[in-house]
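As structure tokens, the structure follows; a few thoughts come after it.
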There are 2 protein chains.
Amino acid sequence: MTKKVFTPGLIILFWICIIKFGTAQNTVSESRNVLHSVPFNQVNINDDFWNSHLKAHAQTTLQVCISQMRDSTKRISNFEKAAGLKEGRHEGIYFDDSDVYKAMEGIAYSLVNNYNAEYEKLLDYWIDLVAKSQQPDGYLNTYYTLSYPNERWTDMEKHEMYCGGHMIEAAVAHYRATGKKTFLDVAVKFADYIDATFGPGKHHWVTGHEEIELALVKLYDVTQNRKYLDLAHWLLEERGHGHGRGAIWEHPKLGPEYCQDDVPVSEITDIKGHAVRAMYLFTGMADVASEKKVPQYVDALNRVWKDVAERNMYITGGIGSSRTNEGFTEDYDLPNKTAYCETCASIGMVFWNNRMNLLSGDAKYADVLERSLYNGVLPGVSLEGDLFFYVNPLESDGDHHRQRWYGCACCPSNVSRFMPSVGNYIYVKGENEIFVNLYMRNETNMEFGESMVRLIQKTGYPWDGNVTFEVSPSQASFFSLKLRIPGWCKSFGITVNGNTINNPETKNGYIVIQREWLAGDVVELVLDMPVELVAAHPLVKENLGKRAVQRGPLVYCVEQVDNKGIDLDEATFGQNPVFSLIEGTGKLNGMILLRTESQQGNKLIFAPYFTWENRESGKMKVWIDYDEGTCLYKTAQ
Amino acid sequence: MTKKVFTPGLIILFWICIIKFGTAQNTVSESRNVLHSVPFNQVNINDDFWNSHLKAHAQTTLQVCISQMRDSTKRISNFEKAAGLKEGRHEGIYFDDSDVYKAMEGIAYSLVNNYNAEYEKLLDYWIDLVAKSQQPDGYLNTYYTLSYPNERWTDMEKHEMYCGGHMIEAAVAHYRATGKKTFLDVAVKFADYIDATFGPGKHHWVTGHEEIELALVKLYDVTQNRKYLDLAHWLLEERGHGHGRGAIWEHPKLGPEYCQDDVPVSEITDIKGHAVRAMYLFTGMADVASEKKVPQYVDALNRVWKDVAERNMYITGGIGSSRTNEGFTEDYDLPNKTAYCETCASIGMVFWNNRMNLLSGDAKYADVLERSLYNGVLPGVSLEGDLFFYVNPLESDGDHHRQRWYGCACCPSNVSRFMPSVGNYIYVKGENEIFVNLYMRNETNMEFGESMVRLIQKTGYPWDGNVTFEVSPSQASFFSLKLRIPGWCKSFGITVNGNTINNPETKNGYIVIQREWLAGDVVELVLDMPVELVAAHPLVKENLGKRAVQRGPLVYCVEQVDNKGIDLDEATFGQNPVFSLIEGTGKLNGMILLRTESQQGNKLIFAPYFTWENRESGKMKVWIDYDEGTCLYKTAQ
């Protein structure tokens, strides 16, 4: 039984569009002196590695999501009922609406990358359903509307604002993709309703699953209506003061810390509770901190980031080791077989670390972003885009399999909205600087001060570390090109127009090339990318006496399919193992696999972790036993 | 006062040349089922890196040596006196003859690489002096002959056999270079005299400074007269049985272990005493073990090799930490500033590890050879070939300088004979296999079974790790090409005729490519060569909390000249330092230097250790303080 917290009376809100909309292209206000991601719609990815994933997304994942929403589950049916087109109560889980919104967000992004009239028509239909499902006061949630119309806002953990947040994100994406306001109008009406209902002097609310905070900042960004930003800020400030109400808060094992309601956000020191919620909270905090300059938030985020990156993150960039709370336990408690590492949490790591990078201009956040992207997010969907992982262990006895869908389907729908927007994370612009955070083959033509800057990036990344840039400003321009030195990279060489830079300036993990750029300038970056053995901190008990294999941004693993007849539990690295780079075949065609010899004399084949369970099922391990040996000199970062 | 051990009576030896000489080209007996180095005279080095050193040797070092022998010191003068051309006693140190022989050996090698009629003429003159200095019975040593004619063989540490050994090595080199027997005849006469004087049923002798053992095996190799091999074996077996006599044996601090006379050689377990002596001993033991199959020697060598490589070797491949005994102390006692690391000992490491590699076909010995070659031997001579290091510390306050010559001049003359023979260490032939141990640009055309095999090796090593081989047997031939995977290398890729080898066989540290080779076959090897931080074993107290920098085979150092205004004692690596590869200038033109930022925010420039003290004098350090930091995942071999 949930305690009834608050039931609003009937609020009739005449929503008038007085806000000034930006254009779909002009996504950032030039007046804010902060860093901005160059949005994916200004980046044309033409990269072998990423295009195979984007193609699988466009051709398969999206279709799987649409079909699940519409045909195999009752998610669209719930909206049809709420819209009055059908009769009946809500069917499914109370947060199922959010999957529809995430699917819609993914479809909207996909329209930008690969326009598809049929998808736009489908979106229009779904938007119409959503709009019709919205209550006159702006409230929107099919679970409560259909089944418990009088119990709105009775349990802070029932995801009403979470679903609303995803609705806002989808609406912003749709507006940006199409310029149409049909969906955005619904989002604004909802946000205005929330703003009218909650806030100082109104009602308290602690979001049980954070999400709306970052969504409201997006809504502010697109509308420039500051009240959404202030509402996000207020929602953040509600936390940690005992306002939380709902079953979770009473739960003997979970309690307030499960949803980060144990301390005020400015006082956060340690990572706690549900991993995805924490990521969305921190992303929202970083967004608000960036817009409103809240140094306490920045301090808290720096503290908790260190706690995550230095004590609570898997080598895959995955987080949340426990199934019990889908989240965090004790520092350094990072078991492999029972690792939870929800795909959504890795997506959250990308979001949060992107925002931390924007706040600071520090590459260390992009390092974690890259780690989570390649090794935490990518494993979440099969190479063909049709099967999903919710949980991503680092070791399996062969009993962990990709599934077509999940009852709780947050991960597939999250992957589906994330994948087509990966271009968001490549470039960042500052006042007088362009940051390159990710290496993939692409072209962009970005507005930059007075001029346009065309950047052509060519690379075989993540399979090799050579990256070439052709930098062509529309007119001679003085600015800094900042190339991230990936955290995995120990040494690099760099040339401009063929001349080695002998005094490269590095700052916050970037190579800074400050010069007057002329059309056709060429920068060549060579990142040394050997195979590395990696040791975990000795307090990670599970990995004592073990090593993982990494090359460039990719964590590798041994899978039984590549190592038939070998007992992978017995396999041990001898002293100074050496790896040969070999070519993947079949589904791994075009990829680089690694081959080495175990101490027992067996050949061991390593494949990128993100590809596991795409062929035959079987044992898989990331961390392999290692014989420390008697070496007098050893590589040790 | 040295105790008189033994004075031979007048022995008239009618030396008759009954031995069967091989040809100068056919340097190895095909009947022995062992591995053989392809001699440098069959290898044409056309490598930028090595040619600069070889050019400095030919143009400068040799001339310095000749001038020192003839003009600045009394070394040639001693021979002129012994030959009856001048009057007077011996001047200089009692082992100065050996420097002349080493210079002669260097000149002989140089004739092969760069024929020079003037040098051949000079050699002929010096050989004539040596021949005339030889006593009728075959004895040859200007110190005793000129100053103490009646005290021959009274102190086993007085280097009579050491000097004789260098004489034999020089004679063999001269014979192989020119085909002339003038010098070899002297060597044979000396060796026969030794053989007639010492041995079972004759007199005991323990060589106080080993050298003649390996020389006698060379003499056996060129003459195929087995008695020289047996004599070498007998001399080895003399050790450790209390036969040693002389001042050193009575010395309170040095004693028998100083010259490895404390235990019989088959019982050696630990490295002890004078480093150069130990190296020459082990080289001789390996030679005898290889020729005569002495498993106890192989076992002893394996034991002591591990003791050296795993507990008593500097990262530079230098050995011998103590000035007191020019040798070894306790395990892991490897101080940096007071490191002795005599250049000759590193040359000895090359010799010994070459022999261990030939005995075993194991690349680990070539790894140590390479380490000592690039970082232990090369620093022994200035880039211009004119100045020398005897002692090679790994840290200096700026008070350690290269010198034009040394009173005890073993190192300059040793470098002078070593450098032009570096080609000896590239290729090894076996029954049905060709090993590549060193990577440098060269061409060779070697006899191999029924056919000739032409190998063209192209590479920018040690500055990059890409190596291409064109393999052209005179007729289609089935054999294994074995490419060493350097110990520093963690990952590689390999193609044959453009096709990636996906199942490369590796054995004993080599990539084994077994196939029928056809003229024009091309092998491409890519050895990943990032900058690496290296940690010493924690029992090396001096390097606790420190890291050294290595890239490929080269150890790097910071020198004040590159880091003006920076207190190198304070410089500390932060977490995950990253290095940019930059171009050397001036004397370091064509070399790759490394640039990083210290934890204190200073730029630090690293140059290859072998280049240190070639520009301005100043502080130098190999091991730099390191902040272990809080990383959750770290590279750790």
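Ligands are numbered from 1 in the order shown, residues from 1 within each chain, and chains are lettered A, B, ... in the order they appear in the structure tokens.
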Wanna dump the chain A-chain B contacts at 8 Å for me, each residue with its shortest atom pair and the distance in Å to one decimal, counting only C-alpha atoms, ordered by chain and number, as JSON lines?
{"residue": "A:Ala309", "atom": "CA", "partner": "B:Leu632", "partner_atom": "CA", "distance": 7.2}
{"residue": "A:Glu310", "atom": "CA", "partner": "B:Leu632", "partner_atom": "CA", "distance": 4.9}
{"residue": "A:Arg311", "atom": "CA", "partner": "B:Leu632", "partner_atom": "CA", "distance": 6.2}
{"residue": "A:Met313", "atom": "CA", "partner": "B:Leu632", "partner_atom": "CA", "distance": 7.9}
{"residue": "A:Ile315", "atom": "CA", "partner": "B:Tyr633", "partner_atom": "CA", "distance": 6.9}
{"residue": "A:Ile485", "atom": "CA", "partner": "B:Val578", "partner_atom": "CA", "distance": 8.0}
{"residue": "A:Gly487", "atom": "CA", "partner": "B:Asn576", "partner_atom": "CA", "distance": 7.7}
{"residue": "A:Cys489", "atom": "CA", "partner": "B:Val578", "partner_atom": "CA", "distance": 7.0}
{"residue": "A:Lys490", "atom": "CA", "partner": "B:Val578", "partner_atom": "CA", "distance": 4.6}
{"residue": "A:Ser491", "atom": "CA", "partner": "B:Phe579", "partner_atom": "CA", "distance": 4.5}
{"residue": "A:Phe492", "atom": "CA", "partner": "B:Ser580", "partner_atom": "CA", "distance": 4.9}
{"residue": "A:Gly493", "atom": "CA", "partner": "B:Leu581", "partner_atom": "CA", "distance": 4.9}
{"residue": "A:Ile494", "atom": "CA", "partner": "B:Ser580", "partner_atom": "CA", "distance": 7.7}
{"residue": "A:Thr500", "atom": "CA", "partner": "B:Ile582", "partner_atom": "CA", "distance": 6.8}
{"residue": "A:Ile501", "atom": "CA", "partner": "B:Ile582", "partner_atom": "CA", "distance": 6.9}
{"residue": "A:Asn502", "atom": "CA", "partner": "B:Ile582", "partner_atom": "CA", "distance": 4.8}
{"residue": "A:Asn503", "atom": "CA", "partner": "B:Ile582", "partner_atom": "CA", "distance": 7.6}
{"residue": "A:Pro504", "atom": "CA", "partner": "B:Ser580", "partner_atom": "CA", "distance": 7.5}
{"residue": "A:Asp528", "atom": "CA", "partner": "B:Pro530", "partner_atom": "CA", "distance": 5.3}
{"residue": "A:Met529", "atom": "CA", "partner": "B:Asp528", "partner_atom": "CA", "distance": 7.2}
{"residue": "A:Pro530", "atom": "CA", "partner": "B:Asp528", "partner_atom": "CA", "distance": 5.3}
{"residue": "A:Val531", "atom": "CA", "partner": "B:Ser491", "partner_atom": "CA", "distance": 5.5}
{"residue": "A:Glu532", "atom": "CA", "partner": "B:Thr635", "partner_atom": "CA", "distance": 6.3}
{"residue": "A:Leu533", "atom": "CA", "partner": "B:Gln637", "partner_atom": "CA", "distance": 5.7}
{"residue": "A:Val534", "atom": "CA", "partner": "B:Thr635", "partner_atom": "CA", "distance": 4.4}
{"residue": "A:Ala535", "atom": "CA", "partner": "B:Lys634", "partner_atom": "CA", "distance": 5.4}
{"residue": "A:Ala536", "atom": "CA", "partner": "B:Tyr633", "partner_atom": "CA", "distance": 4.6}
{"residue": "A:His537", "atom": "CA", "partner": "B:Leu632", "partner_atom": "CA", "distance": 4.9}
{"residue": "A:Gln575", "atom": "CA", "partner": "B:Gln637", "partner_atom": "CA", "distance": 7.8}
{"residue": "A:Asn576", "atom": "CA", "partner": "B:Gln637", "partner_atom": "CA", "distance": 6.2}
{"residue": "A:Pro577", "atom": "CA", "partner": "B:Lys490", "partner_atom": "CA", "distance": 6.8}
{"residue": "A:Val578", "atom": "CA", "partner": "B:Lys490", "partner_atom": "CA", "distance": 4.6}
{"residue": "A:Phe579", "atom": "CA", "partner": "B:Ser491", "partner_atom": "CA", "distance": 4.5}
{"residue": "A:Ser580", "atom": "CA", "partner": "B:Phe492", "partner_atom": "CA", "distance": 4.9}
{"residue": "A:Leu581", "atom": "CA", "partner": "B:Gly493", "partner_atom": "CA", "distance": 4.9}
{"residue": "A:Ile582", "atom": "CA", "partner": "B:Asn502", "partner_atom": "CA", "distance": 4.9}
{"residue": "A:Glu583", "atom": "CA", "partner": "B:Asn502", "partner_atom": "CA", "distance": 6.4}
{"residue": "A:Arg595", "atom": "CA", "partner": "B:Asn503", "partner_atom": "CA", "distance": 7.8}
{"residue": "A:Thr630", "atom": "CA", "partner": "B:Glu310", "partner_atom": "CA", "distance": 6.4}
{"residue": "A:Cys631", "atom": "CA", "partner": "B:Glu310", "partner_atom": "CA", "distance": 5.8}
{"residue": "A:Leu632", "atom": "CA", "partner": "B:His537", "partner_atom": "CA", "distance": 4.9}
{"residue": "A:Tyr633", "atom": "CA", "partner": "B:Ala536", "partner_atom": "CA", "distance": 4.7}
{"residue": "A:Lys634", "atom": "CA", "partner": "B:Val534", "partner_atom": "CA", "distance": 5.3}
{"residue": "A:Thr635", "atom": "CA", "partner": "B:Val534", "partner_atom": "CA", "distance": 4.4}
{"residue": "A:Ala636", "atom": "CA", "partner": "B:Ala636", "partner_atom": "CA", "distance": 4.4}
{"residue": "A:Gln637", "atom": "CA", "partner": "B:Thr635", "partner_atom": "CA", "distance": 5.2}
Taking N, CA and C atoms for each residue, export the selection above as a short mmCIF file (atom, residue, chain, number, x, y, z; two decimals), in the first residue's frame.
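This is the output file part_9.cif:
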data_model
loop_
_atom_site.label_atom_id
_atom_site.label_comp_id
_atom_site.auth_asym_id
_atom_site.auth_seq_id
_atom_site.Cartn_x
_atom_site.Cartn_y
_atom_site.Cartn_z
N ALA A 309 34.71 6.57 -10.99
CA ALA A 309 35.78 6.20 -11.93
C ALA A 309 36.95 5.52 -11.24
N GLU A 310 37.16 5.83 -9.97
CA GLU A 310 38.33 5.28 -9.29
C GLU A 310 38.03 4.10 -8.38
N ARG A 311 36.74 3.86 -8.09
CA ARG A 311 36.45 2.79 -7.15
C ARG A 311 35.26 1.91 -7.52
N MET A 313 33.82 1.32 -11.02
CA MET A 313 33.52 1.17 -12.45
C MET A 313 34.23 -0.08 -12.98
N ILE A 315 35.97 -2.35 -15.94
CA ILE A 315 36.88 -1.98 -17.02
C ILE A 315 36.11 -1.70 -18.30
N ILE A 485 43.84 13.06 -26.32
CA ILE A 485 44.78 11.95 -26.20
C ILE A 485 44.04 10.90 -25.38
N GLY A 487 42.74 8.09 -23.00
CA GLY A 487 43.32 7.62 -21.74
C GLY A 487 44.13 6.36 -21.91
N CYS A 489 46.05 5.76 -24.33
CA CYS A 489 47.20 6.04 -25.22
C CYS A 489 48.38 6.59 -24.42
N LYS A 490 49.52 5.97 -24.57
CA LYS A 490 50.70 6.40 -23.83
C LYS A 490 51.62 7.28 -24.66
N SER A 491 51.51 7.18 -25.96
CA SER A 491 52.42 7.97 -26.79
C SER A 491 51.81 8.23 -28.15
N PHE A 492 52.16 9.37 -28.68
CA PHE A 492 51.60 9.77 -29.97
C PHE A 492 52.60 10.64 -30.71
N GLY A 493 52.36 10.78 -32.00
CA GLY A 493 53.11 11.73 -32.80
C GLY A 493 52.11 12.60 -33.54
N ILE A 494 52.48 13.84 -33.81
CA ILE A 494 51.53 14.71 -34.51
C ILE A 494 52.25 15.62 -35.49
N THR A 500 56.40 17.63 -38.21
CA THR A 500 56.23 17.17 -36.83
C THR A 500 56.15 18.37 -35.89
N ILE A 501 55.17 18.33 -35.01
CA ILE A 501 55.12 19.37 -33.97
C ILE A 501 56.03 18.92 -32.84
N ASN A 502 57.10 19.65 -32.64
CA ASN A 502 58.10 19.24 -31.65
C ASN A 502 57.83 19.77 -30.26
N ASN A 503 56.93 20.72 -30.16
CA ASN A 503 56.59 21.24 -28.83
C ASN A 503 55.10 21.25 -28.65
N PRO A 504 54.46 20.09 -28.84
CA PRO A 504 53.01 20.08 -28.74
C PRO A 504 52.57 20.52 -27.36
N ASP A 528 49.77 5.61 -30.71
CA ASP A 528 50.28 4.23 -30.58
C ASP A 528 49.21 3.37 -29.92
N MET A 529 48.93 2.23 -30.52
CA MET A 529 47.81 1.40 -30.07
C MET A 529 48.23 -0.06 -29.94
N PRO A 530 49.10 -0.34 -28.98
CA PRO A 530 49.50 -1.74 -28.78
C PRO A 530 48.44 -2.47 -27.97
N VAL A 531 48.55 -3.78 -27.92
CA VAL A 531 47.75 -4.56 -27.00
C VAL A 531 48.31 -4.34 -25.60
N GLU A 532 47.45 -4.11 -24.64
CA GLU A 532 47.92 -3.89 -23.27
C GLU A 532 47.28 -4.90 -22.33
N LEU A 533 48.07 -5.38 -21.41
CA LEU A 533 47.50 -6.10 -20.27
C LEU A 533 47.16 -5.06 -19.22
N VAL A 534 46.01 -5.21 -18.62
CA VAL A 534 45.56 -4.24 -17.63
C VAL A 534 45.31 -4.96 -16.31
N ALA A 535 45.79 -4.36 -15.25
CA ALA A 535 45.54 -4.89 -13.90
C ALA A 535 44.52 -4.00 -13.21
N ALA A 536 43.69 -4.61 -12.40
CA ALA A 536 42.76 -3.82 -11.60
C ALA A 536 43.46 -3.42 -10.30
N HIS A 537 42.94 -2.38 -9.67
CA HIS A 537 43.42 -1.97 -8.35
C HIS A 537 43.38 -3.19 -7.42
N GLN A 575 54.53 -15.12 -18.36
CA GLN A 575 55.23 -13.84 -18.26
C GLN A 575 55.27 -13.19 -19.65
N ASN A 576 55.03 -11.90 -19.68
CA ASN A 576 55.15 -11.13 -20.92
C ASN A 576 54.45 -11.77 -22.10
N PRO A 577 53.17 -12.03 -22.01
CA PRO A 577 52.50 -12.59 -23.18
C PRO A 577 52.57 -11.62 -24.35
N VAL A 578 52.67 -12.16 -25.53
CA VAL A 578 52.72 -11.32 -26.72
C VAL A 578 51.54 -11.71 -27.60
N PHE A 579 50.95 -10.71 -28.23
CA PHE A 579 49.72 -10.93 -28.99
C PHE A 579 49.96 -10.65 -30.47
N SER A 580 49.43 -11.54 -31.29
CA SER A 580 49.43 -11.19 -32.72
C SER A 580 48.04 -10.68 -33.09
N LEU A 581 48.05 -9.69 -33.97
CA LEU A 581 46.80 -9.11 -34.45
C LEU A 581 46.34 -9.94 -35.63
N ILE A 582 45.14 -10.47 -35.53
CA ILE A 582 44.63 -11.29 -36.63
C ILE A 582 43.28 -10.76 -37.08
N GLU A 583 42.81 -11.25 -38.21
CA GLU A 583 41.58 -10.73 -38.80
C GLU A 583 40.38 -11.57 -38.38
N ARG A 595 45.61 -12.96 -30.76
CA ARG A 595 45.95 -14.36 -30.55
C ARG A 595 47.20 -14.39 -29.68
N THR A 630 58.92 -13.56 -12.50
CA THR A 630 60.09 -13.07 -11.78
C THR A 630 60.77 -11.92 -12.52
N CYS A 631 60.04 -11.28 -13.43
CA CYS A 631 60.67 -10.24 -14.23
C CYS A 631 61.30 -9.16 -13.36
N LEU A 632 62.46 -8.71 -13.80
CA LEU A 632 63.15 -7.62 -13.10
C LEU A 632 62.58 -6.29 -13.54
N TYR A 633 62.18 -6.19 -14.81
CA TYR A 633 61.59 -4.95 -15.34
C TYR A 633 60.28 -5.27 -16.03
N LYS A 634 59.26 -4.53 -15.66
CA LYS A 634 57.94 -4.78 -16.20
C LYS A 634 57.25 -3.49 -16.56
N THR A 635 56.49 -3.54 -17.61
CA THR A 635 55.66 -2.40 -17.94
C THR A 635 54.68 -2.16 -16.80
N ALA A 636 54.63 -0.95 -16.33
CA ALA A 636 53.69 -0.65 -15.25
C ALA A 636 53.38 0.83 -15.29
N GLN A 637 52.17 1.16 -15.74
CA GLN A 637 51.76 2.56 -15.78
C GLN A 637 51.61 3.05 -14.37
#
Pick out the residues sitting within 6 Å of segment 155-172 of chain A, and hand them over as a JSON list (two decimals) with N, CA, C and O atoms, in the first residue's frame; count only C-alpha atoms, and ignore anything fewer than 6 positions along from it in its own chain.
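Wrote it out as around_18.json, contents follow:
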[["chain", "number", "residue", "atom", "x", "y", "z"],
["A", 95, "PHE", "N", 5.75, 2.02, -16.03],
["A", 95, "PHE", "CA", 6.61, 2.99, -16.73],
["A", 95, "PHE", "C", 6.76, 2.65, -18.22],
["A", 95, "PHE", "O", 7.66, 3.13, -18.89],
["A", 98, "SER", "N", 7.40, 5.16, -21.13],
["A", 98, "SER", "CA", 8.73, 5.71, -21.41],
["A", 98, "SER", "C", 9.39, 5.00, -22.60],
["A", 98, "SER", "O", 10.14, 5.61, -23.35],
["A", 101, "TYR", "N", 8.26, 6.59, -25.71],
["A", 101, "TYR", "CA", 8.93, 7.87, -25.94],
["A", 101, "TYR", "C", 10.37, 7.68, -26.42],
["A", 101, "TYR", "O", 10.85, 8.40, -27.28],
["A", 104, "MET", "N", 10.31, 6.74, -29.91],
["A", 104, "MET", "CA", 10.00, 7.93, -30.73],
["A", 104, "MET", "C", 11.24, 8.82, -30.88],
["A", 104, "MET", "O", 11.50, 9.36, -31.96],
["A", 105, "GLU", "N", 11.99, 8.95, -29.79],
["A", 105, "GLU", "CA", 13.22, 9.75, -29.85],
["A", 105, "GLU", "C", 14.19, 9.14, -30.86],
["A", 105, "GLU", "O", 14.78, 9.84, -31.69],
["A", 183, "PHE", "N", 4.67, 17.77, -31.29],
["A", 183, "PHE", "CA", 5.04, 17.02, -30.09],
["A", 183, "PHE", "C", 5.54, 17.98, -29.01],
["A", 183, "PHE", "O", 5.23, 17.85, -27.82],
["A", 184, "LEU", "N", 6.30, 18.99, -29.46],
["A", 184, "LEU", "CA", 6.85, 19.94, -28.50],
["A", 184, "LEU", "C", 5.73, 20.64, -27.73],
["A", 184, "LEU", "O", 5.86, 20.92, -26.53],
["A", 187, "ALA", "N", 4.82, 18.59, -24.90],
["A", 187, "ALA", "CA", 5.87, 18.62, -23.87],
["A", 187, "ALA", "C", 5.79, 19.90, -23.06],
["A", 187, "ALA", "O", 5.90, 19.89, -21.83],
["A", 207, "THR", "N", 11.79, 13.15, -7.48],
["A", 207, "THR", "CA", 11.62, 12.17, -8.55],
["A", 207, "THR", "C", 12.26, 10.85, -8.14],
["A", 207, "THR", "O", 13.46, 10.79, -7.84],
["A", 208, "GLY", "N", 11.43, 9.81, -8.11],
["A", 208, "GLY", "CA", 11.93, 8.49, -7.69],
["A", 208, "GLY", "C", 12.89, 7.91, -8.70],
["A", 208, "GLY", "O", 13.83, 7.21, -8.33],
["A", 209, "HIS", "N", 12.67, 8.20, -9.95],
["A", 209, "HIS", "CA", 13.65, 7.85, -10.98],
["A", 209, "HIS", "C", 13.94, 9.12, -11.75],
["A", 209, "HIS", "O", 13.13, 9.61, -12.52],
["A", 211, "GLU", "N", 15.23, 11.83, -14.34],
["A", 211, "GLU", "CA", 15.21, 11.85, -15.80],
["A", 211, "GLU", "C", 14.67, 13.20, -16.27],
["A", 211, "GLU", "O", 15.21, 13.83, -17.17],
["A", 212, "ILE", "N", 13.59, 13.65, -15.58],
["A", 212, "ILE", "CA", 12.93, 14.87, -16.05],
["A", 212, "ILE", "C", 13.85, 16.09, -15.92],
["A", 212, "ILE", "O", 13.74, 17.04, -16.68],
["A", 215, "ALA", "N", 15.77, 16.47, -18.95],
["A", 215, "ALA", "CA", 14.82, 16.75, -20.03],
["A", 215, "ALA", "C", 14.36, 18.20, -19.99],
["A", 215, "ALA", "O", 14.24, 18.86, -21.02],
["A", 245, "ARG", "N", 8.39, 10.18, -0.70],
["A", 245, "ARG", "CA", 7.27, 9.36, -0.23],
["A", 245, "ARG", "C", 7.01, 8.26, -1.26],
["A", 245, "ARG", "O", 6.96, 8.52, -2.46],
["A", 246, "GLY", "N", 6.79, 7.06, -0.76],
["A", 246, "GLY", "CA", 6.47, 5.96, -1.67],
["A", 246, "GLY", "C", 7.07, 4.68, -1.13],
["A", 246, "GLY", "O", 7.84, 4.68, -0.16]]
Exercise. Go ahead and compute the interatomic distance for atom CA of Leu216 of chain A and atom CA of Lys292 of chain A, in Å to one decimal.
Key: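 Separating atom CA of Leu216 of chain A from atom CA of Lys292 of chain A is a distance of 13.5 Å.
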Item to complete: Considering only C-alpha atoms, return as a VMD selection string whatever protein or nucleic-acid residues lie within 9 Å of Leu568 of chain B, sequence-local ones (same chain, fewer than 2 positions apart) excluded.
Response: chain B and resid 558 to 560 563 566 570 to 572 604 619 to 621 624
May I have the selected residues written with N, CA, C and O atoms, as a CSV table (one decimal), in the first residue's frame?
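Final file, again-v1.csv:
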chain,number,residue,atom,x,y,z
B,558,VAL,N,66.3,11.6,-18.9
B,558,VAL,CA,66.2,13.1,-18.9
B,558,VAL,C,67.6,13.6,-18.7
B,558,VAL,O,68.3,13.2,-17.8
B,559,GLU,N,68.0,14.6,-19.5
B,559,GLU,CA,69.3,15.3,-19.4
B,559,GLU,C,69.0,16.8,-19.2
B,559,GLU,O,68.0,17.3,-19.7
B,560,GLN,N,69.8,17.4,-18.4
B,560,GLN,CA,69.6,18.8,-18.1
B,560,GLN,C,69.6,19.6,-19.4
B,560,GLN,O,68.8,20.6,-19.5
B,563,ASN,N,66.3,20.0,-20.6
B,563,ASN,CA,65.3,20.4,-19.5
B,563,ASN,C,65.8,21.5,-18.7
B,563,ASN,O,65.9,21.4,-17.5
B,566,ILE,N,64.8,23.1,-15.0
B,566,ILE,CA,64.0,22.1,-14.2
B,566,ILE,C,64.8,21.3,-13.3
B,566,ILE,O,65.9,20.9,-13.6
B,570,GLU,N,63.3,16.7,-8.6
B,570,GLU,CA,61.9,17.0,-8.1
B,570,GLU,C,60.9,16.5,-9.1
B,570,GLU,O,59.7,16.2,-8.8
B,571,ALA,N,61.3,16.3,-10.4
B,571,ALA,CA,60.4,15.9,-11.4
B,571,ALA,C,59.7,14.6,-11.1
B,571,ALA,O,60.4,13.6,-10.7
B,572,THR,N,58.4,14.6,-11.2
B,572,THR,CA,57.6,13.4,-10.9
B,572,THR,C,56.6,13.1,-12.0
B,572,THR,O,56.0,14.1,-12.5
B,604,LEU,N,58.9,17.8,-19.8
B,604,LEU,CA,60.1,17.0,-19.7
B,604,LEU,C,60.4,16.4,-21.0
B,604,LEU,O,59.6,15.8,-21.7
B,619,LYS,N,72.9,17.3,-15.2
B,619,LYS,CA,72.3,16.2,-14.5
B,619,LYS,C,71.6,15.3,-15.5
B,619,LYS,O,71.1,15.7,-16.6
B,620,MET,N,71.6,14.0,-15.2
B,620,MET,CA,70.9,13.0,-16.0
B,620,MET,C,70.3,12.0,-15.1
B,620,MET,O,70.8,11.6,-14.1
B,621,LYS,N,69.1,11.5,-15.5
B,621,LYS,CA,68.4,10.5,-14.7
B,621,LYS,C,67.6,9.5,-15.7
B,621,LYS,O,67.0,10.0,-16.6
B,624,ILE,N,62.7,8.0,-12.7
B,624,ILE,CA,62.1,9.3,-12.4
B,624,ILE,C,61.0,8.9,-11.3
B,624,ILE,O,60.3,7.9,-11.5
| request: Report the residues of segment 328-532 of chain A whose backbone DSSP state falls under helix (DSSP H, G or I), written as number ranges by chain. | output: A: 343-360, 363-380, 410-425
| said: What's around segment 431-433 of chain A at 8 Å? Count only C-alpha atoms, leave out sequence neighbours fewer than 2 positions away in its own chain, and write the answer as number ranges by chain. | reply: A: 33-35, 429, 435, 449, 478-482
Practice task
Skip Asn414 of chain A itself and residues of its chain fewer than 5 positions away, then list as a list in words all residues within 10 Å of it, counting only C-alpha atoms.
Solution key: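 The neighbour list is Ser98, Asp99, Tyr101, Lys102, Ala103, Glu105, Gly106, Thr343, Cys344, Ala345, Ile347, Gly348, Val377, Gly380, Ala409 and Met419 of chain A.
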